[in-house]
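*Asks:* For reference, the structure I am asking about is given below.
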Amino acid sequence: MPPTPETVEVDFITPRHLAGGGDPAWITVPLHRACGWSYGDDPMMPRVLLSSPDQKALLRLEPGPDDQWWTLRHAAEPDRPAWYASFAARTPVELIAALADALTDPAPATDAPGDPYGALHQAGWSPYGDNGLASPKDGVRRAAGNTG
């Protein structure tokens, strides 16, 4: 049996849409080796199943002619609902890897701002209406945020 490679070779092609989906190993190998995701296989099925160490996330790669090839599901937590994301066969693996990276990165610092509009407030935007913000630029008022 040949040795398993320690790295995954990546070639970037531009424009990106000409490259196709890419090599699934760019996602599956780091999740399994570096992040400790366990895998399950069924020799009779052409699919890959990876489970996060805490068993809250499941990545499924199952090529099918009419279905989404990639599905990432995450179980509900006390402060978050369950969610999933799915991707077609030609979705660039870099996009799927970015989502997987967000799951495996350490938690953000506790001093992270809780206000999603903090950057706008710092840039001088001011309250406008019930749920909006107004731009300071040229006195033009532009609403941002949930207005309904």
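In the structure tokens, each chain is lettered A, B, ... as it comes, each chain's residues begin at 1, and ligands are numbered from 1 in order of appearance.
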Env of segment 44-46 of chain A: 12 Å cut, atoms = only C-alpha atoms, seq-sep filter 2 positions within chain, self excluded. Answer as a VMD selection string.

*Replies:* chain A and resid 40 to 42 48 to 49 60 to 64 69

*Asks:* Could you dump the residues just selected with N, CA, C and O atoms as a compact mmCIF listing (two decimals), in the first residue's frame?

*Replies:*
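Below you can see result22.txt, which holds the result:
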```txt
# COMPACT_ATOMS: atom_id res chain seq x y z
N GLY A 40 -15.99 7.63 8.80
CA GLY A 40 -16.67 6.37 8.65
C GLY A 40 -16.74 6.06 7.17
O GLY A 40 -16.82 6.97 6.36
N ASP A 41 -16.67 4.81 6.84
CA ASP A 41 -16.75 4.47 5.43
C ASP A 41 -17.60 3.22 5.24
O ASP A 41 -17.80 2.44 6.16
N ASP A 42 -18.10 3.11 4.06
CA ASP A 42 -18.85 1.95 3.66
C ASP A 42 -18.29 1.55 2.30
O ASP A 42 -18.44 2.30 1.34
N VAL A 48 -17.86 9.92 1.72
CA VAL A 48 -16.98 10.20 2.84
C VAL A 48 -17.83 10.82 3.94
O VAL A 48 -18.60 11.74 3.67
N LEU A 49 -17.69 10.33 5.15
CA LEU A 49 -18.36 10.89 6.31
C LEU A 49 -17.30 11.25 7.34
O LEU A 49 -16.51 10.40 7.73
N ARG A 60 -20.46 15.40 5.01
CA ARG A 60 -20.77 14.27 4.15
C ARG A 60 -20.46 14.67 2.71
O ARG A 60 -20.93 15.68 2.22
N LEU A 61 -19.64 13.87 2.06
CA LEU A 61 -19.36 14.02 0.64
C LEU A 61 -19.92 12.79 -0.04
O LEU A 61 -19.45 11.68 0.19
N GLU A 62 -20.97 12.98 -0.81
CA GLU A 62 -21.62 11.86 -1.46
C GLU A 62 -21.98 12.27 -2.88
O GLU A 62 -23.00 12.91 -3.12
N PRO A 63 -21.12 11.90 -3.83
CA PRO A 63 -21.40 12.26 -5.23
C PRO A 63 -22.69 11.61 -5.72
O PRO A 63 -22.90 10.42 -5.55
N GLY A 64 -23.54 12.43 -6.28
CA GLY A 64 -24.78 11.94 -6.85
C GLY A 64 -25.15 12.81 -8.04
O GLY A 64 -24.89 14.02 -8.02
N TRP A 69 -23.45 17.51 -3.50
CA TRP A 69 -22.39 16.56 -3.19
C TRP A 69 -21.90 16.71 -1.76
O TRP A 69 -21.54 15.74 -1.11
```

*Asks:* Report as a count of residues only all protein, DNA and RNA residues lying within 7 Å of His74 of chain A, evaluated on only C-alpha atoms, omitting residues in the same chain fewer than 3 positions from it.

*Replies:* 6

*Asks:* Hey, what's within 10 Å of segment 99-104 of chain A if we count only C-alpha atoms and toss same-chain stuff fewer than 2 positions away? As a list in words, please?

*Replies:*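 Surrounding residues, per the criterion: Ile27, Thr28, Pro30, Leu31, Ala34, Cys35, Gly36, Trp37, Ser52, Ala57, Leu59, Leu72, His74, Ala85, Val93, Glu94, Leu95, Ile96, Ala97, Pro106 and Ala107 of chain A.
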
*Asks:* Keeping all heavy atoms, export the residues of the selection given above as a short mmCIF file (atom, residue, chain, number, x, y, z; two decimals), in the first residue's frame.

*Replies:*
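result-v3.cif written:
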```cif
data_model
loop_
_atom_site.label_atom_id
_atom_site.label_comp_id
_atom_site.auth_asym_id
_atom_site.auth_seq_id
_atom_site.Cartn_x
_atom_site.Cartn_y
_atom_site.Cartn_z
N ILE A 27 -10.02 19.39 1.83
CA ILE A 27 -10.90 19.56 2.99
C ILE A 27 -10.80 18.37 3.93
O ILE A 27 -10.61 18.53 5.13
CB ILE A 27 -12.36 19.72 2.52
CG1 ILE A 27 -12.49 20.94 1.62
CG2 ILE A 27 -13.30 19.82 3.70
CD1 ILE A 27 -13.78 20.98 0.84
N THR A 28 -10.93 17.18 3.38
CA THR A 28 -11.03 16.00 4.23
C THR A 28 -9.75 15.65 4.96
O THR A 28 -9.79 15.25 6.13
CB THR A 28 -11.51 14.79 3.40
OG1 THR A 28 -10.58 14.55 2.33
CG2 THR A 28 -12.89 15.02 2.83
N PRO A 30 -7.11 17.66 6.05
CA PRO A 30 -6.85 18.47 7.24
C PRO A 30 -7.86 18.24 8.36
O PRO A 30 -7.48 18.24 9.53
CB PRO A 30 -6.93 19.92 6.72
CG PRO A 30 -6.67 19.82 5.26
CD PRO A 30 -7.23 18.49 4.85
N LEU A 31 -9.13 18.06 8.01
CA LEU A 31 -10.11 17.81 9.07
C LEU A 31 -9.79 16.53 9.83
O LEU A 31 -9.86 16.50 11.06
CB LEU A 31 -11.53 17.73 8.49
CG LEU A 31 -12.19 19.03 8.10
CD1 LEU A 31 -13.55 18.76 7.47
CD2 LEU A 31 -12.33 19.96 9.29
N ALA A 34 -5.40 16.92 11.08
CA ALA A 34 -5.01 18.04 11.95
C ALA A 34 -6.06 18.38 12.99
O ALA A 34 -5.72 18.86 14.07
CB ALA A 34 -4.71 19.27 11.10
N CYS A 35 -7.32 18.13 12.68
CA CYS A 35 -8.38 18.56 13.59
C CYS A 35 -9.05 17.41 14.32
O CYS A 35 -9.95 17.64 15.12
CB CYS A 35 -9.42 19.36 12.81
SG CYS A 35 -8.74 20.83 12.04
N GLY A 36 -8.65 16.18 14.03
CA GLY A 36 -9.16 15.05 14.78
C GLY A 36 -10.56 14.59 14.42
O GLY A 36 -11.20 13.89 15.21
N TRP A 37 -11.06 14.96 13.26
CA TRP A 37 -12.37 14.49 12.85
C TRP A 37 -12.26 13.00 12.51
O TRP A 37 -11.34 12.58 11.84
CB TRP A 37 -12.88 15.28 11.65
CG TRP A 37 -13.33 16.67 11.99
CD1 TRP A 37 -12.68 17.58 12.77
CD2 TRP A 37 -14.50 17.32 11.54
NE1 TRP A 37 -13.38 18.75 12.84
CE2 TRP A 37 -14.51 18.62 12.08
CE3 TRP A 37 -15.56 16.94 10.72
CZ2 TRP A 37 -15.53 19.53 11.84
CZ3 TRP A 37 -16.56 17.85 10.48
CH2 TRP A 37 -16.56 19.12 11.04
N SER A 52 -16.97 15.65 13.70
CA SER A 52 -16.10 16.47 14.55
C SER A 52 -15.84 15.73 15.86
O SER A 52 -16.61 14.84 16.26
CB SER A 52 -16.76 17.82 14.83
OG SER A 52 -17.97 17.65 15.54
N ALA A 57 -20.75 18.13 14.60
CA ALA A 57 -20.73 18.46 13.18
C ALA A 57 -20.46 17.20 12.37
O ALA A 57 -19.69 16.34 12.78
CB ALA A 57 -19.66 19.51 12.90
N LEU A 59 -19.66 16.16 8.26
CA LEU A 59 -19.42 16.52 6.87
C LEU A 59 -19.62 15.28 6.03
O LEU A 59 -19.05 14.23 6.31
CB LEU A 59 -17.99 17.05 6.68
CG LEU A 59 -17.64 17.38 5.23
CD1 LEU A 59 -18.39 18.61 4.77
CD2 LEU A 59 -16.14 17.60 5.10
N LEU A 72 -22.81 19.78 5.15
CA LEU A 72 -22.23 19.98 6.47
C LEU A 72 -23.37 20.30 7.41
O LEU A 72 -24.11 21.26 7.20
CB LEU A 72 -21.21 21.12 6.44
CG LEU A 72 -20.52 21.46 7.75
CD1 LEU A 72 -19.75 20.26 8.30
CD2 LEU A 72 -19.58 22.63 7.58
N HIS A 74 -24.67 20.75 11.54
CA HIS A 74 -24.21 21.02 12.89
C HIS A 74 -25.41 20.91 13.82
O HIS A 74 -26.48 21.46 13.56
CB HIS A 74 -23.59 22.42 13.00
CG HIS A 74 -22.72 22.58 14.19
ND1 HIS A 74 -23.22 22.82 15.45
CD2 HIS A 74 -21.39 22.50 14.33
CE1 HIS A 74 -22.22 22.90 16.30
NE2 HIS A 74 -21.10 22.71 15.65
N ALA A 85 -25.37 23.33 5.72
CA ALA A 85 -25.00 23.98 4.47
C ALA A 85 -24.73 22.88 3.46
O ALA A 85 -24.18 21.83 3.81
CB ALA A 85 -23.74 24.84 4.66
N VAL A 93 -13.53 23.93 -3.77
CA VAL A 93 -13.23 23.39 -2.45
C VAL A 93 -12.75 24.47 -1.49
O VAL A 93 -12.90 24.33 -0.28
CB VAL A 93 -12.22 22.22 -2.50
CG1 VAL A 93 -12.83 21.03 -3.20
CG2 VAL A 93 -10.92 22.62 -3.12
N GLU A 94 -12.19 25.56 -2.01
CA GLU A 94 -11.74 26.65 -1.13
C GLU A 94 -12.90 27.23 -0.34
O GLU A 94 -12.74 27.61 0.82
CB GLU A 94 -11.07 27.77 -1.94
CG GLU A 94 -9.77 27.38 -2.59
CD GLU A 94 -9.94 26.84 -4.00
OE1 GLU A 94 -11.06 26.44 -4.39
OE2 GLU A 94 -8.94 26.82 -4.73
N LEU A 95 -14.08 27.32 -0.95
CA LEU A 95 -15.25 27.85 -0.25
C LEU A 95 -15.70 26.91 0.86
O LEU A 95 -16.02 27.34 1.97
CB LEU A 95 -16.40 28.09 -1.23
CG LEU A 95 -16.16 29.14 -2.29
CD1 LEU A 95 -17.34 29.20 -3.24
CD2 LEU A 95 -15.93 30.50 -1.66
N ILE A 96 -15.74 25.62 0.55
CA ILE A 96 -16.14 24.63 1.55
C ILE A 96 -15.11 24.57 2.67
O ILE A 96 -15.44 24.47 3.84
CB ILE A 96 -16.36 23.27 0.89
CG1 ILE A 96 -17.39 23.39 -0.24
CG2 ILE A 96 -16.81 22.23 1.91
CD1 ILE A 96 -17.43 22.21 -1.18
N ALA A 97 -13.83 24.65 2.30
CA ALA A 97 -12.76 24.63 3.30
C ALA A 97 -12.85 25.84 4.22
O ALA A 97 -12.59 25.72 5.43
CB ALA A 97 -11.39 24.58 2.62
N PRO A 106 -10.14 28.39 16.78
CA PRO A 106 -10.48 28.63 18.18
C PRO A 106 -11.57 29.69 18.28
O PRO A 106 -11.77 30.48 17.36
CB PRO A 106 -9.17 29.14 18.80
CG PRO A 106 -8.17 29.17 17.71
CD PRO A 106 -8.78 28.71 16.46
N ALA A 107 -12.26 29.68 19.39
CA ALA A 107 -13.33 30.65 19.62
C ALA A 107 -12.76 32.07 19.58
O ALA A 107 -11.62 32.29 19.97
CB ALA A 107 -13.99 30.39 20.98
#
```

*Asks:* Please determine, counting only C-alpha atoms, which residue among A:Asp54, A:Pro43, A:Asp105, A:Trp70 has the shortest atom-to-atom distance to Ser86 of chain A.

*Replies:*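 Smallest separation from Ser86 of chain A among the options: A:Trp70.
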
*Asks:* If DSSP is run on the backbone, what residues of segment 18-144 of chain A are strand (DSSP E)? A reply as a PDB file with N, CA and C atoms, in the first residue's frame would be ideal.

*Replies:*
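And here is the file that came out, part_7.pdb:
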```pdb
ATOM      1  N   SER A  38     -13.211  12.208  12.975  1.00  0.00           N
ATOM      2  CA  SER A  38     -13.196  10.778  12.691  1.00  0.00           C
ATOM      3  C   SER A  38     -13.954  10.514  11.391  1.00  0.00           C
ATOM      4  N   TYR A  39     -13.631   9.418  10.763  1.00  0.00           N
ATOM      5  CA  TYR A  39     -14.291   9.107   9.503  1.00  0.00           C
ATOM      6  C   TYR A  39     -14.949   7.743   9.570  1.00  0.00           C
ATOM      7  N   GLY A  40     -15.993   7.634   8.798  1.00  0.00           N
ATOM      8  CA  GLY A  40     -16.672   6.366   8.647  1.00  0.00           C
ATOM      9  C   GLY A  40     -16.743   6.062   7.170  1.00  0.00           C
ATOM     10  N   VAL A  48     -17.865   9.918   1.716  1.00  0.00           N
ATOM     11  CA  VAL A  48     -16.977  10.196   2.841  1.00  0.00           C
ATOM     12  C   VAL A  48     -17.826  10.822   3.935  1.00  0.00           C
ATOM     13  N   LEU A  49     -17.687  10.332   5.149  1.00  0.00           N
ATOM     14  CA  LEU A  49     -18.363  10.894   6.311  1.00  0.00           C
ATOM     15  C   LEU A  49     -17.304  11.252   7.341  1.00  0.00           C
ATOM     16  N   LEU A  50     -17.301  12.499   7.768  1.00  0.00           N
ATOM     17  CA  LEU A  50     -16.375  12.943   8.809  1.00  0.00           C
ATOM     18  C   LEU A  50     -17.173  13.565   9.944  1.00  0.00           C
ATOM     19  N   SER A  51     -16.847  13.186  11.188  1.00  0.00           N
ATOM     20  CA  SER A  51     -17.521  13.717  12.377  1.00  0.00           C
ATOM     21  C   SER A  51     -16.528  14.500  13.209  1.00  0.00           C
ATOM     22  N   ALA A  57     -20.754  18.128  14.605  1.00  0.00           N
ATOM     23  CA  ALA A  57     -20.732  18.459  13.182  1.00  0.00           C
ATOM     24  C   ALA A  57     -20.459  17.200  12.366  1.00  0.00           C
ATOM     25  N   LEU A  58     -21.106  17.117  11.219  1.00  0.00           N
ATOM     26  CA  LEU A  58     -20.926  15.989  10.311  1.00  0.00           C
ATOM     27  C   LEU A  58     -20.771  16.538   8.899  1.00  0.00           C
ATOM     28  N   LEU A  59     -19.661  16.165   8.264  1.00  0.00           N
ATOM     29  CA  LEU A  59     -19.419  16.524   6.872  1.00  0.00           C
ATOM     30  C   LEU A  59     -19.621  15.281   6.029  1.00  0.00           C
ATOM     31  N   ARG A  60     -20.458  15.404   5.012  1.00  0.00           N
ATOM     32  CA  ARG A  60     -20.773  14.272   4.147  1.00  0.00           C
ATOM     33  C   ARG A  60     -20.456  14.667   2.715  1.00  0.00           C
ATOM     34  N   LEU A  61     -19.644  13.866   2.065  1.00  0.00           N
ATOM     35  CA  LEU A  61     -19.355  14.019   0.639  1.00  0.00           C
ATOM     36  C   LEU A  61     -19.918  12.786  -0.040  1.00  0.00           C
ATOM     37  N   TRP A  70     -21.820  17.917  -1.278  1.00  0.00           N
ATOM     38  CA  TRP A  70     -21.286  18.202   0.049  1.00  0.00           C
ATOM     39  C   TRP A  70     -22.419  18.657   0.958  1.00  0.00           C
ATOM     40  N   THR A  71     -22.483  18.110   2.157  1.00  0.00           N
ATOM     41  CA  THR A  71     -23.425  18.583   3.166  1.00  0.00           C
ATOM     42  C   THR A  71     -22.687  18.649   4.499  1.00  0.00           C
ATOM     43  N   LEU A  72     -22.813  19.784   5.146  1.00  0.00           N
ATOM     44  CA  LEU A  72     -22.229  19.981   6.467  1.00  0.00           C
ATOM     45  C   LEU A  72     -23.372  20.303   7.412  1.00  0.00           C
ATOM     46  N   ARG A  73     -23.554  19.465   8.411  1.00  0.00           N
ATOM     47  CA  ARG A  73     -24.626  19.654   9.402  1.00  0.00           C
ATOM     48  C   ARG A  73     -24.008  19.886  10.773  1.00  0.00           C
ATOM     49  N   HIS A  74     -24.669  20.752  11.536  1.00  0.00           N
ATOM     50  CA  HIS A  74     -24.207  21.022  12.894  1.00  0.00           C
ATOM     51  C   HIS A  74     -25.410  20.905  13.824  1.00  0.00           C
ATOM     52  N   TRP A  83     -28.072  23.719  12.209  1.00  0.00           N
ATOM     53  CA  TRP A  83     -27.983  24.305  10.877  1.00  0.00           C
ATOM     54  C   TRP A  83     -27.277  23.351   9.930  1.00  0.00           C
ATOM     55  N   TYR A  84     -27.393  23.634   8.660  1.00  0.00           N
ATOM     56  CA  TYR A  84     -26.665  22.848   7.668  1.00  0.00           C
ATOM     57  C   TYR A  84     -26.345  23.750   6.480  1.00  0.00           C
ATOM     58  N   ALA A  85     -25.367  23.331   5.720  1.00  0.00           N
ATOM     59  CA  ALA A  85     -24.996  23.984   4.469  1.00  0.00           C
ATOM     60  C   ALA A  85     -24.728  22.876   3.463  1.00  0.00           C
ATOM     61  N   SER A  86     -25.137  23.090   2.217  1.00  0.00           N
ATOM     62  CA  SER A  86     -24.878  22.084   1.195  1.00  0.00           C
ATOM     63  C   SER A  86     -24.300  22.765  -0.036  1.00  0.00           C
ATOM     64  N   PHE A  87     -23.514  22.004  -0.783  1.00  0.00           N
ATOM     65  CA  PHE A  87     -22.783  22.533  -1.922  1.00  0.00           C
ATOM     66  C   PHE A  87     -22.843  21.564  -3.088  1.00  0.00           C
ATOM     67  N   SER A 126     -24.561  57.307  12.523  1.00  0.00           N
ATOM     68  CA  SER A 126     -25.379  57.649  13.684  1.00  0.00           C
ATOM     69  C   SER A 126     -26.761  57.015  13.551  1.00  0.00           C
ATOM     70  N   PRO A 127     -27.478  56.884  14.678  1.00  0.00           N
ATOM     71  CA  PRO A 127     -28.810  56.281  14.627  1.00  0.00           C
ATOM     72  C   PRO A 127     -29.729  57.044  13.674  1.00  0.00           C
ATOM     73  N   TYR A 128     -30.565  56.299  12.970  1.00  0.00           N
ATOM     74  CA  TYR A 128     -31.506  56.885  12.022  1.00  0.00           C
ATOM     75  C   TYR A 128     -32.781  56.065  12.057  1.00  0.00           C
ATOM     76  N   GLY A 132     -32.233  51.875  12.060  1.00  0.00           N
ATOM     77  CA  GLY A 132     -31.284  52.145  10.992  1.00  0.00           C
ATOM     78  C   GLY A 132     -30.114  52.992  11.445  1.00  0.00           C
ATOM     79  N   LEU A 133     -29.181  53.192  10.528  1.00  0.00           N
ATOM     80  CA  LEU A 133     -28.028  54.038  10.755  1.00  0.00           C
ATOM     81  C   LEU A 133     -27.899  54.976   9.561  1.00  0.00           C
ATOM     82  N   ALA A 134     -27.379  56.153   9.800  1.00  0.00           N
ATOM     83  CA  ALA A 134     -27.200  57.133   8.734  1.00  0.00           C
ATOM     84  C   ALA A 134     -25.716  57.363   8.508  1.00  0.00           C
TER      85      ALA A 134
END
```

*Asks:* If you measure from atom CA of His32 of chain A to atom CA of Pro81 of chain A, what distance in Å do you get, rounded to one decimal?

*Replies:*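 Spanning atom CA of His32 of chain A to atom CA of Pro81 of chain A is a straight-line distance of 25.2 Å.
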